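Participant: Once you've had a glance at the structure underneath, I'll fire off some questions.
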Amino acid sequence: MNKGKQPMSQQELNPSADDPHRHTRRTILQAAALAGLAVATGPLTLAATTQPAAPGKIKLGIIGSGRVGSALGTTWVKAGHEVMFSSQHLENDKELAAKLGKNAHAGTPREAAAFGTVLLIAVPYTALAAVGKDLGEMIRGKIVIDACNPIVARDGEMATAARERGVGLVSIEALPGARIVRAFNAIQAAKMGDATANTQTIGMPMAGDDAAAISVVSDLVREVGYEPVLVGTLAGLGKYLMPGTPLAGEHSPAEIRTIAAGLK
Ligand SMILES: NC(=O)c1ccc[n+]([C@@H]2O[C@H](COP(=O)([O-])OP(=O)(O)OC[C@H]3O[C@@H](n4cnc5c(N)ncnc54)[C@H](OP(=O)(O)O)[C@@H]3O)[C@@H](O)[C@H]2O)c1
């Protein structure tokens, strides 16, 4: 998968003629297209538009800088991307960013959402709907990596309901308009911090509905040392991307494909 990226379409480059930032947006997107990157086409703030990422690099906003968010964000900073960390405690994010150097920043969740052309949301599943509500229109059209899992022992009744309904569908409802890719759900946070540890022998099952978003996230997955394996759509096999299912844990890409083929 993810071989030979397609050039971005005119619709992707200019999704809304009513958009007040469309000229700046077009410049960023054209630069990204030239660099071979597909990027989000959602609303961008002036701060995010004035400083595009370096060619081939992505600006990432992390919402939830706990075990998962800090491990992935640290790896992506080391890979040369610019990352803004956010949580409910700005002082913790400032401390983390200071340790990582000039490509790391700290902000509120809304600032991180405005900063990133790609967002990672890694909060307890009970907080996901509130985060989606808080960010509102800021995530419409943006690529959002959803690492959040409903864990019954931690999240209670709502996790049982989400697992029964299908976690991919519940995330779509919580983050309306976002170009969601579920990834990093089946692997422990402790295995997300070393960009070279796995050398692509372990697969990363992912689910999504947007080909361009899946392509961008696939590259980010490789930088964490895993080989991306798309198992299906959010509403389809995406429901298995969480602990306690056959896709959880570490498997080779071939094993993931075999497991996925046996699921429905
Ligand atoms: N840990 C794993 O091995 C693992 C692996 C795969 C997926 N996951 C899933 O990934 C998600 C995060 O797991 P984690 O282990 O990283 O959790 P964690 O260490 O508890 O971190 C959660 C983060 O979310 C932030 N947060 C909570 N509510 C928020 C809100 N309303 N707005 C903004 N930020 C908020 C917390 O901020 P404060 O600290 O400031 O409250 C914290 O930074 C969970 O859904 C989990 O199931 C975890």
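Here, A, B, ... name the chains of the structure tokens in the order displayed, residue numbers run from 1 inside each chain, and ligands are numbered from 1 in the same displayed order.
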Would you list, as a PyMOL selection string, the residues of stretch 15-255 of chain A that end up in strand (DSSP E) under DSSP run on this structure's backbone?
Facilitator: chain A and resi 59-63+82-86+104-106+118-121+143-146+179-182+203-208+227-232
Participant: What residues of the protein or nucleic acid chains come within 7 Å of ligand 1 when you use only C-alpha atoms and all ligand atoms? Reply as a ChimeraX atom specification.
Facilitator: /A:63-69,86-89,109,122-125,127,130-131,147-151,184-190
Participant: With a cut-off of 8 Å, could you pull out the residues of stretch 129-238 of chain A touching stretch 112-115 of chain A and give me the nearest pair of atoms for each, distance in Å to one decimal, using only C-alpha atoms, ordered by chain and ascending number, as CSV?
Facilitator:
residue,atom,partner,partner_atom,distance
A:Leu135,CA,A:Ala113,CA,7.2
A:Met138,CA,A:Ala113,CA,6.6
A:Ile139,CA,A:Ala113,CA,7.0
Participant: If I take atom CA of A:Ala71 and atom CA of A:Ala97, how far is one from the other in Å, to one decimal?
Facilitator: 12.2 Å
Participant: Per residue of stretch 107-191 of chain A within 6 Å of stretch 217-241 of chain A, note the shortest atom pair and the distance in Å to one decimal, counting only C-alpha atoms, and order the rows by chain and increasing residue number, as a tab-separated table.
Facilitator:
residue	atom	partner	partner_atom	distance
A:Gly166	CA	A:Lys239	CA	4.7
A:Val167	CA	A:Lys239	CA	5.0
A:Gly168	CA	A:Leu234	CA	4.4
A:Leu169	CA	A:Ala235	CA	5.3
A:Asn185	CA	A:Leu241	CA	5.9
Participant: Those same residues, written as a PDB file, in the first residue's frame with C-alpha atoms?
Facilitator:
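Output below, filename selection.pdb:
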ATOM      1  CA  GLY A 166     -18.220  -0.352  16.664  1.00  0.00           C
ATOM      2  CA  VAL A 167     -15.369   1.869  17.769  1.00  0.00           C
ATOM      3  CA  GLY A 168     -14.794   3.324  14.291  1.00  0.00           C
ATOM      4  CA  LEU A 169     -18.402   4.503  14.036  1.00  0.00           C
ATOM      5  CA  ASN A 185      -4.629   1.279  18.774  1.00  0.00           C
TER       6      ASN A 185
END
Participant: Rounded to one decimal place, report the atom CA of A:Leu247-atom CA of A:Ala260 distance in Å.
Facilitator: 7.4 Å
Participant: Quick one: everything within 10 Å of A:Leu96, counting only C-alpha atoms, minus sequence neighbours fewer than 5 positions away in the same chain. Send it as number ranges by chain.
Facilitator: A: 65, 70, 73-74, 85, 90-91, 101, 104-106
Participant: Out of stretch 22-168 of chain A, which residues get helix (DSSP H, G or I) from DSSP, as a count of residues only?
Facilitator: 78
Participant: Quote the spacing between atom CA of A:Pro253 and atom CA of A:Ile202 in Å to one decimal place.
Facilitator: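 Computing the Euclidean distance for atom CA of A:Pro253 and atom CA of A:Ile202 yields 6.2 Å.
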